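Down below is the structure, laid out as structure tokens.
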Amino acid sequence: MTAIYKMEKNPPKKDSGKKVVLHPRIVPWDTVSTDKLIEEASSSSTYTGGDLKGAVRLIADLLKEKLRDGYNVNLDGIGYFSVSLQSRPVEDKKELRSESVHFKNVNFRCCARLKRELKSMTLERYKEPKSTDFSPDEKERRLLWYLERHAYITTLAYQGLNGCSQYMARKELKQFVADGILIEDGTRRMCIYAKRPEPVELSDTLMAEPNIEDGE
């Protein structure tokens with residue numbers, strides 16, 4: 001499968017005197033969840049989904065435990081994990097007590113083998129979808145049709161679905177969220193939108209008071 005990229009501006013710092021230049025950046029097709037990876041791994045191996053899910057959970061727990069104990073962790077074929085710390089600035093180490101030092105972040109450094117294997121990835125420049133004149137109702141119908149077949153939709157997928165610019169895709173998805181049709185999740189760089197769950201209505205049977213007979 002070909003990866004898609006687009007050229008984006010990376011504005012220089014204010015008053016730096018440097019020119020605004022373009023840099024290539026990946027346009028993700030989607031975000032692959034752990035469950036999806038497990039499903040694919042299970043279908044191409046002799047391991048069951050339950051076995052793989054348990055193994056992933058075990059590795060995640062051990063990774064957390066080792067980092068908390070002050071170790072660095074190397075996952076073969078993936079990379080190195082380590083913890084960074086933070087404290088208030090001081091000039092003499094005697095000015096700072098251990099209680100004032102805190103966790104800051106988890107650092108990740110990709111291993112050389114993974115970098116080497118990714119160098120052969122196939123890339124293609126992103127092309128803006130052709131503009132369409134779908135009505136708002138038709139765009140909503142197409143969106144709901146898509147969400148019947150997928151757990152969520154990304155800005156890129158919406159652009160292709162309804163033939164609009166990235167700006168309009170974001171604007172329209174935000175409006176669907178405001179209208180209560182979608183819920184927004186993900187990160188600032190990679191937002192995903194899912195259909196808002198229907199409210200659960202209890203049946204008359206469940207709402208009625210239970211008929212409890214006195215025991216003997």
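A note on labels: chains of the structure tokens are A, B, ... as shown, every chain counts residues from 1, and ligands are counted from 1 in their shown order.
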Considering only C-alpha atoms, return as a compact mmCIF listing (two decimals) with all heavy atoms, in the first residue's frame whatever protein or nucleic-acid residues lie within 8 Å of His102 (chain A), sequence-local ones (same chain, fewer than 6 positions apart) excluded.
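The new file around00.txt reads:
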# COMPACT_ATOMS: atom_id res chain seq x y z
N LEU A 85 12.56 13.52 33.45
CA LEU A 85 12.12 14.12 34.70
C LEU A 85 12.08 15.64 34.60
O LEU A 85 12.63 16.23 33.67
CB LEU A 85 13.06 13.71 35.85
CG LEU A 85 13.26 12.21 36.05
CD1 LEU A 85 14.31 11.95 37.11
CD2 LEU A 85 11.95 11.52 36.40
N GLN A 86 11.44 16.27 35.57
CA GLN A 86 11.40 17.73 35.63
C GLN A 86 11.45 18.21 37.07
O GLN A 86 11.08 17.49 38.00
CB GLN A 86 10.13 18.25 34.95
CG GLN A 86 8.84 17.82 35.64
CD GLN A 86 7.61 18.30 34.91
OE1 GLN A 86 7.70 19.08 33.96
NE2 GLN A 86 6.45 17.84 35.34
N SER A 87 11.93 19.44 37.24
CA SER A 87 11.98 20.08 38.55
C SER A 87 12.10 21.58 38.33
O SER A 87 12.30 22.04 37.19
CB SER A 87 13.17 19.56 39.37
OG SER A 87 14.38 20.03 38.80
Practice problem: Per DSSP on the backbone, filter region 66-165 of chain A down to the residues in strand (DSSP E) and report them as an MDAnalysis selection string. | Solution: chainID A and resid 73:75 79:86 102:110 123:125 153:154
Within 8 Å of region 49-68 of chain A: each region 77-106 of chain A residue with its shortest pair, only C-alpha atoms, as a Markdown table:
| residue | atom | partner | partner_atom | distance |
| --- | --- | --- | --- | --- |
| A:Phe81 | CA | A:Leu67 | CA | 7.9 |
| A:Ser82 | CA | A:Leu67 | CA | 6.6 |
| A:Val83 | CA | A:Leu67 | CA | 6.5 |
Quiz prompt | In chain A, DSSP helix (DSSP H, G or I) residues written as a ChimeraX atom specification | solution = /A:34-43,49-68,93-95,98-100,112-118,136-147,155-162,166-178,204-207
Give me the residues within 12 Å of region 18-30 of chain A as an mmCIF file with N, CA and C atoms, in the first residue's frame, counting only C-alpha atoms and dropping any in the same chain fewer than 3 places off.
data_model
loop_
_atom_site.group_PDB
_atom_site.id
_atom_site.type_symbol
_atom_site.label_atom_id
_atom_site.label_comp_id
_atom_site.auth_asym_id
_atom_site.auth_seq_id
_atom_site.Cartn_x
_atom_site.Cartn_y
_atom_site.Cartn_z
ATOM 1 N N MET A 1 0.838 -1.194 0.000
ATOM 2 C CA MET A 1 0.000 0.000 0.000
ATOM 3 C C MET A 1 0.877 1.250 0.000
ATOM 4 N N THR A 2 0.474 2.258 -0.737
ATOM 5 C CA THR A 2 1.250 3.488 -0.849
ATOM 6 C C THR A 2 0.884 4.466 0.259
ATOM 7 N N ALA A 3 1.895 5.049 0.876
ATOM 8 C CA ALA A 3 1.670 6.088 1.885
ATOM 9 C C ALA A 3 1.523 7.442 1.188
ATOM 10 N N ILE A 4 0.666 8.285 1.727
ATOM 11 C CA ILE A 4 0.384 9.587 1.131
ATOM 12 C C ILE A 4 1.051 10.683 1.954
ATOM 13 N N TYR A 5 1.630 11.657 1.251
ATOM 14 C CA TYR A 5 2.224 12.798 1.950
ATOM 15 C C TYR A 5 1.761 14.092 1.299
ATOM 16 N N LYS A 6 1.880 15.180 2.031
ATOM 17 C CA LYS A 6 1.603 16.497 1.464
ATOM 18 C C LYS A 6 2.647 17.481 1.968
ATOM 19 N N MET A 7 2.867 18.522 1.198
ATOM 20 C CA MET A 7 3.846 19.534 1.558
ATOM 21 C C MET A 7 3.158 20.610 2.396
ATOM 22 N N GLU A 8 3.683 20.854 3.587
ATOM 23 C CA GLU A 8 3.098 21.832 4.496
ATOM 24 C C GLU A 8 4.152 22.827 4.953
ATOM 25 N N LYS A 9 3.673 24.025 5.287
ATOM 26 C CA LYS A 9 4.573 25.074 5.759
ATOM 27 C C LYS A 9 4.948 24.836 7.212
ATOM 28 N N ASN A 10 6.171 25.122 7.515
ATOM 29 C CA ASN A 10 6.658 25.062 8.891
ATOM 30 C C ASN A 10 7.194 26.448 9.235
ATOM 31 N N PRO A 11 6.308 27.356 9.704
ATOM 32 C CA PRO A 11 6.702 28.752 9.903
ATOM 33 C C PRO A 11 7.914 28.882 10.826
ATOM 34 N N PRO A 12 8.881 29.738 10.470
ATOM 35 C CA PRO A 12 10.039 29.945 11.339
ATOM 36 C C PRO A 12 9.659 30.772 12.558
ATOM 37 N N LYS A 13 10.542 30.780 13.545
ATOM 38 C CA LYS A 13 10.293 31.569 14.733
ATOM 39 C C LYS A 13 10.238 33.053 14.375
ATOM 40 N N LYS A 14 9.444 33.788 15.126
ATOM 41 C CA LYS A 14 9.246 35.212 14.861
ATOM 42 C C LYS A 14 10.575 35.959 14.907
ATOM 43 N N ASP A 15 10.755 36.835 13.912
ATOM 44 C CA ASP A 15 11.952 37.694 13.801
ATOM 45 C C ASP A 15 13.237 36.890 13.613
ATOM 46 N N SER A 33 -5.983 0.565 15.557
ATOM 47 C CA SER A 33 -6.116 0.277 16.980
ATOM 48 C C SER A 33 -5.400 -1.026 17.342
ATOM 49 N N LYS A 36 -7.338 -3.991 16.141
ATOM 50 C CA LYS A 36 -7.198 -4.263 14.713
ATOM 51 C C LYS A 36 -5.875 -4.970 14.435
ATOM 52 N N MET A 121 9.724 2.434 2.041
ATOM 53 C CA MET A 121 8.284 2.697 1.911
ATOM 54 C C MET A 121 7.986 3.471 0.623
ATOM 55 N N THR A 122 6.850 3.155 0.008
ATOM 56 C CA THR A 122 6.422 3.808 -1.228
ATOM 57 C C THR A 122 5.579 5.026 -0.888
ATOM 58 N N LEU A 123 5.918 6.168 -1.500
ATOM 59 C CA LEU A 123 5.237 7.424 -1.187
ATOM 60 C C LEU A 123 4.598 8.025 -2.428
ATOM 61 N N GLU A 124 3.470 8.712 -2.205
ATOM 62 C CA GLU A 124 2.770 9.391 -3.292
ATOM 63 C C GLU A 124 2.226 10.709 -2.765
ATOM 64 N N ARG A 125 2.353 11.763 -3.566
ATOM 65 C CA ARG A 125 1.885 13.069 -3.109
ATOM 66 C C ARG A 125 0.359 13.109 -3.055
ATOM 67 N N TYR A 126 -0.151 13.738 -2.019
ATOM 68 C CA TYR A 126 -1.597 13.853 -1.824
ATOM 69 C C TYR A 126 -2.217 14.764 -2.870
ATOM 70 N N LYS A 127 -3.348 14.351 -3.414
ATOM 71 C CA LYS A 127 -4.083 15.158 -4.378
ATOM 72 C C LYS A 127 -5.419 15.553 -3.778
ATOM 73 N N GLU A 128 -5.696 16.840 -3.815
ATOM 74 C CA GLU A 128 -6.977 17.313 -3.287
ATOM 75 C C GLU A 128 -8.111 16.676 -4.095
ATOM 76 N N HIS A 150 -17.764 1.575 9.015
ATOM 77 C CA HIS A 150 -16.503 1.852 9.694
ATOM 78 C C HIS A 150 -16.781 2.381 11.097
ATOM 79 N N ALA A 151 -15.855 2.115 12.018
ATOM 80 C CA ALA A 151 -16.048 2.559 13.407
ATOM 81 C C ALA A 151 -15.954 4.070 13.529
ATOM 82 N N TYR A 152 -15.178 4.699 12.668
ATOM 83 C CA TYR A 152 -15.026 6.156 12.724
ATOM 84 C C TYR A 152 -14.547 6.676 11.373
ATOM 85 N N ILE A 153 -14.491 7.999 11.248
ATOM 86 C CA ILE A 153 -14.038 8.624 10.008
ATOM 87 C C ILE A 153 -13.001 9.685 10.353
ATOM 88 N N THR A 154 -12.013 9.851 9.488
ATOM 89 C CA THR A 154 -10.996 10.878 9.661
ATOM 90 C C THR A 154 -11.290 12.041 8.714
ATOM 91 N N THR A 155 -10.576 13.148 8.915
ATOM 92 C CA THR A 155 -10.745 14.306 8.035
ATOM 93 C C THR A 155 -10.409 13.932 6.597
ATOM 94 N N LEU A 156 -9.325 13.166 6.424
ATOM 95 C CA LEU A 156 -8.914 12.758 5.082
ATOM 96 C C LEU A 156 -9.988 11.905 4.412
ATOM 97 N N ALA A 157 -10.547 10.957 5.162
ATOM 98 C CA ALA A 157 -11.586 10.085 4.599
ATOM 99 C C ALA A 157 -12.826 10.897 4.238
ATOM 100 N N TYR A 158 -13.167 11.892 5.063
ATOM 101 C CA TYR A 158 -14.333 12.740 4.775
ATOM 102 C C TYR A 158 -14.104 13.566 3.522
ATOM 103 N N GLN A 159 -12.871 14.057 3.325
ATOM 104 C CA GLN A 159 -12.548 14.802 2.115
ATOM 105 C C GLN A 159 -12.830 13.969 0.874
ATOM 106 N N GLY A 160 -12.345 12.734 0.881
ATOM 107 C CA GLY A 160 -12.560 11.862 -0.258
ATOM 108 C C GLY A 160 -14.013 11.472 -0.434
ATOM 109 N N GLN A 166 -9.656 20.306 2.807
ATOM 110 C CA GLN A 166 -9.381 19.952 4.195
ATOM 111 C C GLN A 166 -10.072 20.937 5.145
ATOM 112 N N GLY A 186 -9.485 11.213 19.593
ATOM 113 C CA GLY A 186 -8.161 11.224 18.996
ATOM 114 C C GLY A 186 -7.284 12.319 19.575
ATOM 115 N N ARG A 189 -3.343 16.289 16.334
ATOM 116 C CA ARG A 189 -2.814 16.003 14.999
ATOM 117 C C ARG A 189 -3.680 15.011 14.227
ATOM 118 N N MET A 190 -4.353 14.137 14.945
ATOM 119 C CA MET A 190 -5.107 13.071 14.290
ATOM 120 C C MET A 190 -6.456 12.918 14.976
ATOM 121 N N CYS A 191 -7.438 13.728 14.557
ATOM 122 C CA CYS A 191 -8.789 13.638 15.122
ATOM 123 C C CYS A 191 -9.570 12.548 14.389
ATOM 124 N N ILE A 192 -10.376 11.831 15.139
ATOM 125 C CA ILE A 192 -11.296 10.873 14.543
ATOM 126 C C ILE A 192 -12.704 11.211 15.011
ATOM 127 N N TYR A 193 -13.677 10.854 14.183
ATOM 128 C CA TYR A 193 -15.074 11.183 14.475
ATOM 129 C C TYR A 193 -15.906 9.918 14.364
#
Would you give me, as a tab-separated table, each residue of region 31-141 of chain A having an atom within 12 Å of an atom of region 171-180 of chain A, along with its shortest atom pair and that distance in Å to one decimal, using only C-alpha atoms and sorting by chain and residue number?
residue	atom	partner	partner_atom	distance
A:Pro136	CA	A:Glu172	CA	9.2
A:Asp137	CA	A:Phe176	CA	11.6
A:Lys139	CA	A:Glu172	CA	9.3
A:Glu140	CA	A:Phe176	CA	8.4
A:Arg141	CA	A:Phe176	CA	11.9
Practice problem: Would you work out the distance separating CA of Glu198 (chain A) from CA of Leu182 (chain A), expressed in Å to one decimal? | Solution: 10.9 Å
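As for CA of Ile181 (chain A) and CA of Ile38 (chain A), they are spaced 29.7 Å apart.
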Practice problem: Could you check how far CA of Glu138 (chain A) sits from CA of Leu161 (chain A), in Å to one decimal? | Solution: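 The value is 11.0 Å.
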